[in-house]
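Text of protein.cif (mmCIF, C-alpha atoms) as supplied:
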data_run
#
loop_
_atom_site.label_atom_id
_atom_site.label_comp_id
_atom_site.auth_asym_id
_atom_site.auth_seq_id
_atom_site.Cartn_x
_atom_site.Cartn_y
_atom_site.Cartn_z
CA MET A 234 86.14 -20.61 -56.55
CA GLU A 235 88.52 -20.67 -53.60
CA GLY A 236 86.62 -17.75 -52.08
CA LYS A 237 83.32 -19.65 -52.22
CA GLU A 238 84.87 -22.73 -50.57
CA GLU A 239 86.22 -20.51 -47.79
CA ASP A 240 82.76 -19.01 -47.23
CA VAL A 241 81.25 -22.50 -46.99
CA ARG A 242 83.91 -23.60 -44.49
CA LEU A 243 83.40 -20.54 -42.31
CA GLY A 244 79.65 -20.93 -42.45
CA ALA A 245 79.82 -24.58 -41.42
CA ASN A 246 82.04 -23.70 -38.46
CA LYS A 247 79.80 -20.82 -37.45
CA PHE A 248 76.53 -22.76 -37.55
CA THR A 249 77.46 -26.15 -36.10
CA GLU A 250 74.27 -26.58 -34.07
CA ARG A 251 71.78 -29.00 -35.58
CA GLN A 252 68.09 -29.24 -34.98
CA PRO A 253 67.28 -32.13 -32.62
CA ILE A 254 64.90 -34.80 -33.87
CA GLY A 255 62.83 -37.57 -32.33
CA THR A 256 63.10 -38.07 -28.57
CA ALA A 257 65.96 -35.59 -28.43
CA ALA A 258 63.64 -32.82 -29.58
CA GLN A 259 60.99 -33.86 -27.11
CA SER A 260 63.38 -33.94 -24.16
CA GLN A 261 64.85 -30.57 -25.15
CA ASP A 262 61.44 -28.88 -25.31
CA ASP A 263 59.99 -30.85 -22.39
CA GLY A 264 58.47 -28.25 -20.11
CA LYS A 265 59.56 -25.29 -22.26
CA ASP A 266 57.26 -22.29 -21.82
CA TYR A 267 54.89 -24.46 -19.82
CA LYS A 268 54.05 -24.56 -16.14
CA GLU A 269 52.04 -27.37 -14.65
CA PRO A 270 48.71 -25.95 -13.39
CA PRO A 271 47.90 -26.63 -9.74
CA PRO A 272 45.52 -29.56 -9.11
CA ALA A 273 41.88 -28.69 -8.72
CA PRO A 274 40.72 -28.55 -5.09
CA LEU A 275 38.73 -31.50 -3.82
CA PHE A 276 35.89 -29.22 -2.74
CA GLU A 277 35.32 -25.76 -4.18
CA PRO A 278 32.27 -24.17 -2.48
CA GLY A 279 32.72 -20.99 -4.52
CA GLU A 280 31.60 -22.86 -7.63
CA LEU A 281 28.11 -23.22 -6.24
CA THR A 282 27.56 -19.46 -6.47
CA SER A 283 28.89 -19.14 -10.01
CA TRP A 284 26.59 -19.09 -13.05
CA SER A 285 29.32 -20.67 -15.21
CA PHE A 286 29.16 -23.76 -12.97
CA TYR A 287 25.45 -24.27 -13.63
CA ARG A 288 25.80 -23.32 -17.29
CA ALA A 289 28.39 -26.07 -17.68
CA GLY A 290 26.03 -28.59 -16.07
CA ILE A 291 23.20 -27.56 -18.38
CA ALA A 292 25.53 -27.96 -21.36
CA GLU A 293 26.37 -31.50 -20.21
CA PHE A 294 22.66 -32.27 -19.81
CA PHE A 295 21.68 -31.15 -23.31
CA ALA A 296 24.73 -32.72 -24.95
CA THR A 297 23.96 -36.11 -23.39
CA PHE A 298 20.27 -35.67 -24.22
CA LEU A 299 21.06 -35.14 -27.91
CA PHE A 300 23.62 -37.95 -27.86
CA LEU A 301 21.07 -40.49 -26.62
CA TYR A 302 18.34 -39.24 -28.93
CA ILE A 303 20.36 -39.70 -32.12
CA THR A 304 22.21 -42.87 -31.17
CA VAL A 305 19.23 -44.77 -29.77
CA LEU A 306 17.22 -43.98 -32.90
CA THR A 307 20.10 -45.26 -35.03
CA VAL A 308 20.37 -48.51 -33.07
CA MET A 309 16.61 -49.05 -33.29
CA GLY A 310 16.68 -48.49 -37.04
CA VAL A 311 19.32 -51.17 -37.52
CA VAL A 312 17.50 -53.66 -35.26
CA ARG A 313 14.22 -52.97 -37.09
CA SER A 314 15.84 -53.63 -40.46
CA ASN A 315 17.25 -56.89 -39.18
CA GLU A 316 13.82 -57.82 -37.85
CA ILE A 317 12.08 -57.12 -41.17
CA ASN A 318 14.70 -58.21 -43.70
CA GLY A 319 16.70 -60.72 -41.70
CA ASN A 320 19.89 -58.69 -42.22
CA THR A 321 21.25 -55.16 -41.83
CA CYS A 322 22.34 -54.72 -45.44
CA LYS A 323 19.47 -52.34 -46.23
CA THR A 324 20.38 -49.95 -43.42
CA VAL A 325 23.52 -48.40 -41.97
CA GLY A 326 24.55 -51.58 -40.11
CA ILE A 327 27.15 -51.80 -37.36
CA GLN A 328 29.39 -49.35 -39.17
CA GLY A 329 26.58 -46.82 -39.26
CA ILE A 330 25.91 -47.24 -35.54
CA ALA A 331 29.60 -46.70 -34.84
CA TRP A 332 29.61 -43.57 -37.00
CA ALA A 333 26.50 -42.26 -35.23
CA PHE A 334 28.14 -42.59 -31.81
CA GLY A 335 31.54 -41.30 -32.93
CA GLY A 336 30.10 -38.51 -35.05
CA MET A 337 27.81 -37.26 -32.30
CA ILE A 338 30.67 -37.23 -29.81
CA PHE A 339 32.79 -35.27 -32.29
CA ALA A 340 30.03 -32.70 -32.85
CA LEU A 341 28.96 -32.39 -29.21
CA VAL A 342 32.48 -32.16 -27.79
CA TYR A 343 33.20 -29.45 -30.35
CA CYS A 344 30.08 -27.55 -29.28
CA THR A 345 30.48 -27.85 -25.51
CA ALA A 346 34.25 -28.03 -24.93
CA GLY A 347 34.49 -24.30 -24.29
CA ILE A 348 31.61 -24.37 -21.80
CA SER A 349 31.92 -27.55 -19.75
CA GLY A 350 34.90 -29.34 -21.26
CA GLY A 351 32.61 -31.57 -23.32
CA HIS A 352 32.70 -34.67 -21.12
CA ILE A 353 29.25 -36.16 -22.02
CA ASN A 354 30.31 -39.30 -20.16
CA PRO A 355 30.62 -40.07 -16.42
CA ALA A 356 33.68 -42.22 -17.12
CA VAL A 357 35.49 -39.28 -18.73
CA THR A 358 34.48 -37.05 -15.83
CA PHE A 359 35.69 -39.67 -13.34
CA GLY A 360 39.05 -40.03 -15.10
CA LEU A 361 39.62 -36.28 -15.19
CA PHE A 362 38.62 -36.03 -11.53
CA LEU A 363 41.21 -38.66 -10.58
CA ALA A 364 43.79 -36.59 -12.44
CA ARG A 365 42.68 -33.56 -10.40
CA LYS A 366 41.47 -31.69 -13.47
CA LEU A 367 38.19 -30.74 -11.78
CA SER A 368 36.79 -30.66 -8.26
CA LEU A 369 34.64 -33.37 -6.69
CA THR A 370 31.78 -30.87 -6.55
CA ARG A 371 31.87 -30.34 -10.30
CA ALA A 372 32.44 -34.03 -11.06
CA ILE A 373 29.34 -35.11 -9.12
CA PHE A 374 27.26 -32.33 -10.69
CA TYR A 375 28.39 -33.30 -14.19
CA ILE A 376 27.62 -36.99 -13.66
CA VAL A 377 24.14 -36.24 -12.32
CA MET A 378 23.37 -33.93 -15.26
CA GLN A 379 24.75 -36.44 -17.77
CA CYS A 380 22.55 -39.21 -16.37
CA LEU A 381 19.47 -36.99 -16.36
CA GLY A 382 20.17 -35.93 -19.95
CA ALA A 383 20.55 -39.55 -21.03
CA ILE A 384 17.28 -40.56 -19.37
CA CYS A 385 15.45 -37.68 -21.05
CA GLY A 386 17.01 -38.42 -24.43
CA ALA A 387 15.94 -42.06 -24.37
CA GLY A 388 12.57 -41.02 -22.94
CA VAL A 389 11.84 -38.71 -25.87
CA VAL A 390 12.61 -41.54 -28.29
CA LYS A 391 10.16 -43.80 -26.49
CA GLY A 392 7.61 -40.97 -26.37
CA PHE A 393 7.74 -40.69 -30.15
CA GLN A 394 7.76 -44.45 -30.80
CA PRO A 395 6.51 -46.30 -27.69
CA LYS A 396 5.70 -49.66 -29.29
CA PRO A 397 8.77 -49.89 -31.55
CA TYR A 398 10.95 -48.79 -28.63
CA ASP A 399 9.91 -51.71 -26.44
CA ARG A 400 9.94 -54.19 -29.31
CA LEU A 401 13.38 -53.17 -30.62
CA GLY A 402 15.16 -53.16 -27.26
CA GLY A 403 15.46 -49.40 -26.80
CA GLY A 404 19.21 -49.38 -27.45
CA ALA A 405 19.84 -50.96 -24.04
CA ASN A 406 23.25 -52.52 -23.42
CA VAL A 407 23.40 -56.25 -22.68
CA VAL A 408 26.10 -58.90 -22.99
CA SER A 409 25.42 -60.74 -26.25
CA LYS A 410 24.78 -64.47 -26.45
CA GLY A 411 27.96 -66.49 -26.69
CA TYR A 412 29.90 -64.11 -24.43
CA THR A 413 30.36 -64.28 -20.66
CA LYS A 414 30.00 -61.44 -18.18
CA GLY A 415 33.79 -61.47 -17.92
CA ASP A 416 34.05 -60.93 -21.68
CA GLY A 417 31.68 -57.99 -21.44
CA LEU A 418 33.52 -56.48 -18.48
CA GLY A 419 36.87 -56.79 -20.24
CA ALA A 420 35.49 -55.18 -23.41
CA GLU A 421 34.14 -52.25 -21.40
CA ILE A 422 37.40 -51.77 -19.47
CA VAL A 423 39.60 -51.77 -22.57
CA GLY A 424 37.17 -49.71 -24.65
CA THR A 425 36.87 -47.02 -21.98
CA PHE A 426 40.63 -47.02 -21.45
CA ILE A 427 41.11 -46.21 -25.14
CA LEU A 428 38.54 -43.42 -25.01
CA VAL A 429 39.76 -41.76 -21.81
CA TYR A 430 43.43 -42.09 -22.81
CA THR A 431 42.57 -40.35 -26.07
CA VAL A 432 40.79 -37.59 -24.14
CA PHE A 433 43.87 -37.02 -21.97
CA SER A 434 46.20 -36.98 -24.96
CA ALA A 435 44.02 -34.75 -27.15
CA THR A 436 43.47 -32.17 -24.39
CA ASP A 437 46.97 -32.21 -22.88
CA ALA A 438 47.97 -28.55 -22.46
CA LYS A 439 51.66 -29.40 -22.23
CA ARG A 440 51.53 -31.30 -25.49
CA SER A 441 49.81 -28.34 -27.13
CA ALA A 442 52.54 -26.00 -25.88
CA ARG A 443 55.34 -28.30 -27.00
CA ASP A 444 53.82 -29.28 -30.36
CA SER A 445 52.23 -25.92 -31.21
CA HIS A 446 53.27 -26.44 -34.83
CA VAL A 447 50.97 -29.48 -35.03
CA PRO A 448 47.32 -28.35 -35.08
CA ILE A 449 45.05 -30.74 -33.15
CA LEU A 450 41.29 -30.47 -33.18
CA ALA A 451 40.61 -32.34 -29.93
CA PRO A 452 37.06 -33.51 -30.75
CA LEU A 453 38.28 -35.34 -33.86
CA PRO A 454 40.51 -38.00 -32.23
CA ILE A 455 38.00 -38.37 -29.38
CA GLY A 456 35.12 -39.00 -31.78
CA PHE A 457 37.27 -41.33 -33.87
CA ALA A 458 38.23 -43.33 -30.77
CA VAL A 459 34.53 -43.77 -29.95
CA PHE A 460 33.89 -44.91 -33.52
CA LEU A 461 36.68 -47.51 -33.46
CA VAL A 462 35.74 -48.88 -30.03
CA HIS A 463 32.14 -49.33 -31.21
CA LEU A 464 33.28 -51.23 -34.30
CA ALA A 465 35.16 -53.65 -32.06
CA THR A 466 32.73 -54.12 -29.17
CA ILE A 467 29.19 -53.74 -30.54
CA PRO A 468 29.04 -57.52 -31.12
CA ILE A 469 30.01 -58.14 -27.47
CA THR A 470 28.03 -55.64 -25.37
CA GLY A 471 26.46 -53.21 -27.82
CA THR A 472 29.25 -50.94 -26.53
CA GLY A 473 28.64 -48.96 -23.39
CA ILE A 474 31.87 -47.13 -22.41
CA ASN A 475 29.50 -44.46 -21.11
CA PRO A 476 27.53 -45.25 -17.92
CA ALA A 477 25.02 -42.44 -18.56
CA ARG A 478 24.21 -43.81 -22.01
CA SER A 479 23.69 -47.30 -20.55
CA LEU A 480 21.65 -46.03 -17.60
CA GLY A 481 19.32 -43.86 -19.70
CA ALA A 482 18.47 -46.68 -22.09
CA ALA A 483 18.07 -49.21 -19.26
CA ILE A 484 15.70 -47.03 -17.23
CA ILE A 485 13.43 -46.18 -20.14
CA TYR A 486 13.47 -49.71 -21.56
CA ASN A 487 13.01 -51.11 -18.03
CA ASN A 488 13.37 -54.75 -18.91
CA GLU A 489 14.88 -57.43 -16.67
CA LYS A 490 17.35 -58.37 -19.37
CA ALA A 491 18.64 -54.80 -19.49
CA TRP A 492 19.22 -54.75 -15.71
CA ASP A 493 20.88 -58.16 -15.35
CA ASP A 494 24.23 -57.02 -16.78
CA HIS A 495 23.88 -53.32 -16.00
CA TRP A 496 26.62 -53.30 -13.36
CA ILE A 497 29.14 -54.15 -16.08
CA PHE A 498 28.46 -50.81 -17.77
CA TRP A 499 29.41 -48.90 -14.62
CA VAL A 500 32.22 -51.00 -13.19
CA GLY A 501 33.97 -51.56 -16.54
CA PRO A 502 34.05 -47.90 -17.67
CA PHE A 503 35.13 -46.64 -14.25
CA ILE A 504 37.99 -49.15 -14.06
CA GLY A 505 39.04 -48.28 -17.62
CA ALA A 506 38.92 -44.56 -16.86
CA ALA A 507 40.97 -45.01 -13.68
CA LEU A 508 43.62 -47.02 -15.54
CA ALA A 509 43.80 -44.42 -18.31
CA ALA A 510 44.22 -41.59 -15.78
CA LEU A 511 46.94 -43.54 -13.96
CA TYR A 512 48.78 -44.37 -17.19
CA HIS A 513 48.69 -40.82 -18.51
CA GLN A 514 49.61 -39.06 -15.28
CA VAL A 515 52.24 -41.51 -14.01
CA VAL A 516 53.78 -43.04 -17.14
CA ILE A 517 53.27 -40.49 -19.91
CA ARG A 518 53.53 -37.27 -17.88
CA ALA A 519 55.54 -38.71 -14.95
CA ILE A 520 53.95 -36.09 -12.69
CA PRO A 521 54.69 -37.89 -9.38
CA PHE A 522 58.39 -37.99 -10.24
CA LYS A 523 58.84 -34.34 -11.14
CA SER A 524 60.82 -32.13 -8.77
CA LYS A 525 58.83 -29.48 -7.02
#
structure tokens encoding of this file:
Amino acid sequence: MEGKEEDVRLGANKFTERQPIGTAAQSQDDGKDYKEPPPAPLFEPGELTSWSFYRAGIAEFFATFLFLYITVLTVMGVVRSNEINGNTCKTVGIQGIAWAFGGMIFALVYCTAGISGGHINPAVTFGLFLARKLSLTRAIFYIVMQCLGAICGAGVVKGFQPKPYDRLGGGANVVSKGYTKGDGLGAEIVGTFILVYTVFSATDAKRSARDSHVPILAPLPIGFAVFLVHLATIPITGTGINPARSLGAAIIYNNEKAWDDHWIFWVGPFIGAALAALYHQVVIRAIPFKSK
């Protein structure tokens, strides 16, 4: 018995180091086996001669095309049910619209992340550009392709159902009755902040290196963030948080009502994306304060 107690005492003295937990563990592993990549150049002319550059733009186009096609049809279905039955109980309702948007983002980001990064949203592209994750050349190209894809997606829906499209509003974003333009702008800023902050967190390479024991499927939290934001803001603006989505529906619907508040769905998401990029890079990652 005495021999066993002696072994325990010697073992305790030999292995005194304890595993850190909480913030102690994070600070100990902070930066371990990870080097901050250099910021993307502002202009990268070499990209223009690379097939991967154009392939990424095409991926953004088709992803945004499919996104608008499915989501606009879903919105129209809910509006049509409300028009016929006086309520949305016989269709998917607001929750179904939110799932359509969030689910499509989950699926499309999963499909295109390895090709273009799976932005599918000018606000996401803008936020990542401000964080120097991609060049200005690529950012502009992505935004143009996203907008073209959104216009084509909404256009196909109208091509299939021209009369219902015009009658049901075409999924265009407007500030709802009872809310001011300021309410709509605030909803778009906060909603886009949540989305872009989630994108930064889910795709953070340093976090992946530090928390390699925690598997993260990036498209899942991104899609879920889109779902939750839609639940909260559909009653206010129909939820934009994606300028391409708002632009595509507005152009094809082409109604004065859709254009009156359209600026909100560009200004709000871009402000929200800028704030998310600033918060993540300065507060969370503290990149400006790191020693060279």
Quiz item: Between A:Ala292, A:Ala451, A:Ala491, A:Val462, which is the closest to Asp399 of chain A once you count all atoms listed in the file?
Solution: A:Ala491
Exercise. Please write the residues picked by the PyMOL selection byres ((chain A and resi 337) around 12) on this file as a PyMOL selection string.
Key: chain A and resi 296-305+307+329-336+338-345+351+353+452-453+455-457+459-460
Practice problem: Mind checking which residues fall within 12 Å of Ile520 of chain A, counting only C-alpha atoms, ignoring those fewer than 4 positions away in the same chain, and posting them as a list in words? | Solution: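 Residues near the query, excluding close chain neighbours: Gly264, Glu269, Pro270, Pro271, Pro272, Ala364, Arg365, Lys439, Ala510, Leu511, Tyr512, His513, Gln514, Val515, Val516, Ser524 and Lys525 of chain A.
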Exercise. Could you tell me which of A:Gln379, A:Asn315, A:Gln328, A:Thr470 comes closest to Ala420 of chain A if we count all atoms listed in the file?
Key: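 So, comparing all the options, the nearest one is A:Thr470.
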Practice problem: Could you tell me which of A:Glu293, A:Glu421, A:Glu280, A:Glu316 comes closest to Ala465 of chain A if we count all atoms listed in the file? | Solution: A:Glu421
Could you pull out every residue with an atom within 8 Å of (39.8, -37.9, -25.9), file coordinates, counting only C-alpha atoms, and send them as a tab-separated table (two decimals) with C-alpha atoms, in the frame of the given file?
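Output below, filename out01.tsv:
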chain	number	residue	atom	x	y	z
A	428	LEU	CA	38.54	-43.42	-25.01
A	429	VAL	CA	39.76	-41.76	-21.81
A	430	TYR	CA	43.43	-42.09	-22.81
A	431	THR	CA	42.57	-40.35	-26.07
A	432	VAL	CA	40.79	-37.59	-24.14
A	433	PHE	CA	43.87	-37.02	-21.97
A	434	SER	CA	46.20	-36.98	-24.96
A	435	ALA	CA	44.02	-34.75	-27.15
A	436	THR	CA	43.47	-32.17	-24.39
A	451	ALA	CA	40.61	-32.34	-29.93
A	452	PRO	CA	37.06	-33.51	-30.75
A	454	PRO	CA	40.51	-38.00	-32.23
A	455	ILE	CA	38.00	-38.37	-29.38
A	456	GLY	CA	35.12	-39.00	-31.78
A	458	ALA	CA	38.23	-43.33	-30.77
Given only C-alpha atoms, how would the per-residue table for segment 291-388 of chain A near segment 483-487 of chain A read, listing every residue at most 10 Å away with its closest atom pair and distance in Å to one decimal, sorted by chain and number, as CSV?
residue,atom,partner,partner_atom,distance
A:Ala383,CA,A:Ile484,CA,9.7
A:Ile384,CA,A:Ile485,CA,6.9
A:Cys385,CA,A:Ile485,CA,8.8
A:Gly386,CA,A:Ile485,CA,9.6
A:Ala387,CA,A:Ile485,CA,6.4
A:Gly388,CA,A:Ile485,CA,5.9
Exercise. Fewer than 2 positions away in the same chain doesn't count, so skip those; otherwise give me all residues within 9 Å of Leu363 of chain A, counting only C-alpha atoms, as a list in words.
Key: Thr358, Phe359, Gly360, Leu361, Arg365, Lys366, Leu367, Ala506, Ala507, Ala510 and Leu511 of chain A
Could you take the residues named above and write them with C-alpha atoms, as a tab-separated table (two decimals), in the frame of the given file?
chain	number	residue	atom	x	y	z
A	358	THR	CA	34.48	-37.05	-15.83
A	359	PHE	CA	35.69	-39.67	-13.34
A	360	GLY	CA	39.05	-40.03	-15.10
A	361	LEU	CA	39.62	-36.28	-15.19
A	365	ARG	CA	42.68	-33.56	-10.40
A	366	LYS	CA	41.47	-31.69	-13.47
A	367	LEU	CA	38.19	-30.74	-11.78
A	506	ALA	CA	38.92	-44.56	-16.86
A	507	ALA	CA	40.97	-45.01	-13.68
A	510	ALA	CA	44.22	-41.59	-15.78
A	511	LEU	CA	46.94	-43.54	-13.96
Practice problem: Please measure the separation of atom CA of Pro502 of chain A and atom CA of Ser479 of chain A, giving the value in Å to one decimal. | Solution: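 Taking atom CA of Pro502 of chain A and atom CA of Ser479 of chain A, their separation equals 10.8 Å.
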Quiz prompt | Selection: 7 Å around Met309 of chain A, all atoms listed in the file, excl. self and same-chain fewer than 5 positions, as a ChimeraX atom specification | solution = /A:401,403-404
Practice problem: Kindly indicate which residue among A:Ala509, A:Leu306, A:Ala519, A:Ile474 lies nearest to Phe393 of chain A, using all atoms listed in the file for the distances. | Solution: A:Leu306
Exercise. One decimal, Å: what's the distance from atom CA of Trp492 of chain A over to atom CA of Ser409 of chain A, could you say?
Key: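 Answer for the atom CA of Trp492 of chain A to atom CA of Ser409 of chain A separation: 13.6 Å.
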Quiz item: By how many Å are atom CA of Ile467 of chain A and atom CA of Asn406 of chain A apart?
Solution: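 Rounded to one decimal, the two atoms are 9.4 Å apart.
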So what does the PyMOL selection byres ((chain A and resi 378) around 8) actually pick up in this one, as a PDB file with C-alpha atoms, keeping the file's coordinate frame?
ATOM      1  CA  GLY A 290      26.030 -28.590 -16.070  1.00  0.00           C
ATOM      2  CA  ILE A 291      23.200 -27.560 -18.380  1.00  0.00           C
ATOM      3  CA  GLU A 293      26.370 -31.500 -20.210  1.00  0.00           C
ATOM      4  CA  PHE A 294      22.660 -32.270 -19.810  1.00  0.00           C
ATOM      5  CA  PHE A 374      27.260 -32.330 -10.690  1.00  0.00           C
ATOM      6  CA  TYR A 375      28.390 -33.300 -14.190  1.00  0.00           C
ATOM      7  CA  ILE A 376      27.620 -36.990 -13.660  1.00  0.00           C
ATOM      8  CA  VAL A 377      24.140 -36.240 -12.320  1.00  0.00           C
ATOM      9  CA  GLN A 379      24.750 -36.440 -17.770  1.00  0.00           C
ATOM     10  CA  CYS A 380      22.550 -39.210 -16.370  1.00  0.00           C
ATOM     11  CA  LEU A 381      19.470 -36.990 -16.360  1.00  0.00           C
ATOM     12  CA  GLY A 382      20.170 -35.930 -19.950  1.00  0.00           C
TER      13      GLY A 382
END
Practice problem: Identify which of the residues A:Ser283, A:Thr413, A:Thr425, A:Ser314 lies closest to Ile504 of chain A, counting all atoms listed in the file when measuring atom-to-atom distances. | Solution: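 Of the candidates, the smallest distance to Ile504 of chain A is held by A:Thr425.
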Quiz item: With distances taken over only C-alpha atoms, which of A:Phe498, A:Asn475, A:Leu464, A:Lys396 is nearest to Gly415 of chain A?
Solution: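 Closest to Gly415 of chain A, using only C-alpha atoms: A:Phe498.
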Give the padded box for segment 453-464 of chain A as AutoDock Vina command-line options: axis-aligned, covering all atoms listed in the file, 5 Å on each side, centre and edge lengths in Å to one decimal.
--center_x 36.3 --center_y -43.3 --center_z -31.8 --size_x 18.4 --size_y 25.9 --size_z 14.9
Please evaluate the PyMOL selection byres ((chain A and resi 369) around 6) against the structure above and give the resulting residues as a CSV table (one decimal) with C-alpha atoms, keeping the file's coordinate frame.
chain,number,residue,atom,x,y,z
A,275,LEU,CA,38.7,-31.5,-3.8
A,276,PHE,CA,35.9,-29.2,-2.7
A,368,SER,CA,36.8,-30.7,-8.3
A,370,THR,CA,31.8,-30.9,-6.6
A,371,ARG,CA,31.9,-30.3,-10.3
A,372,ALA,CA,32.4,-34.0,-11.1
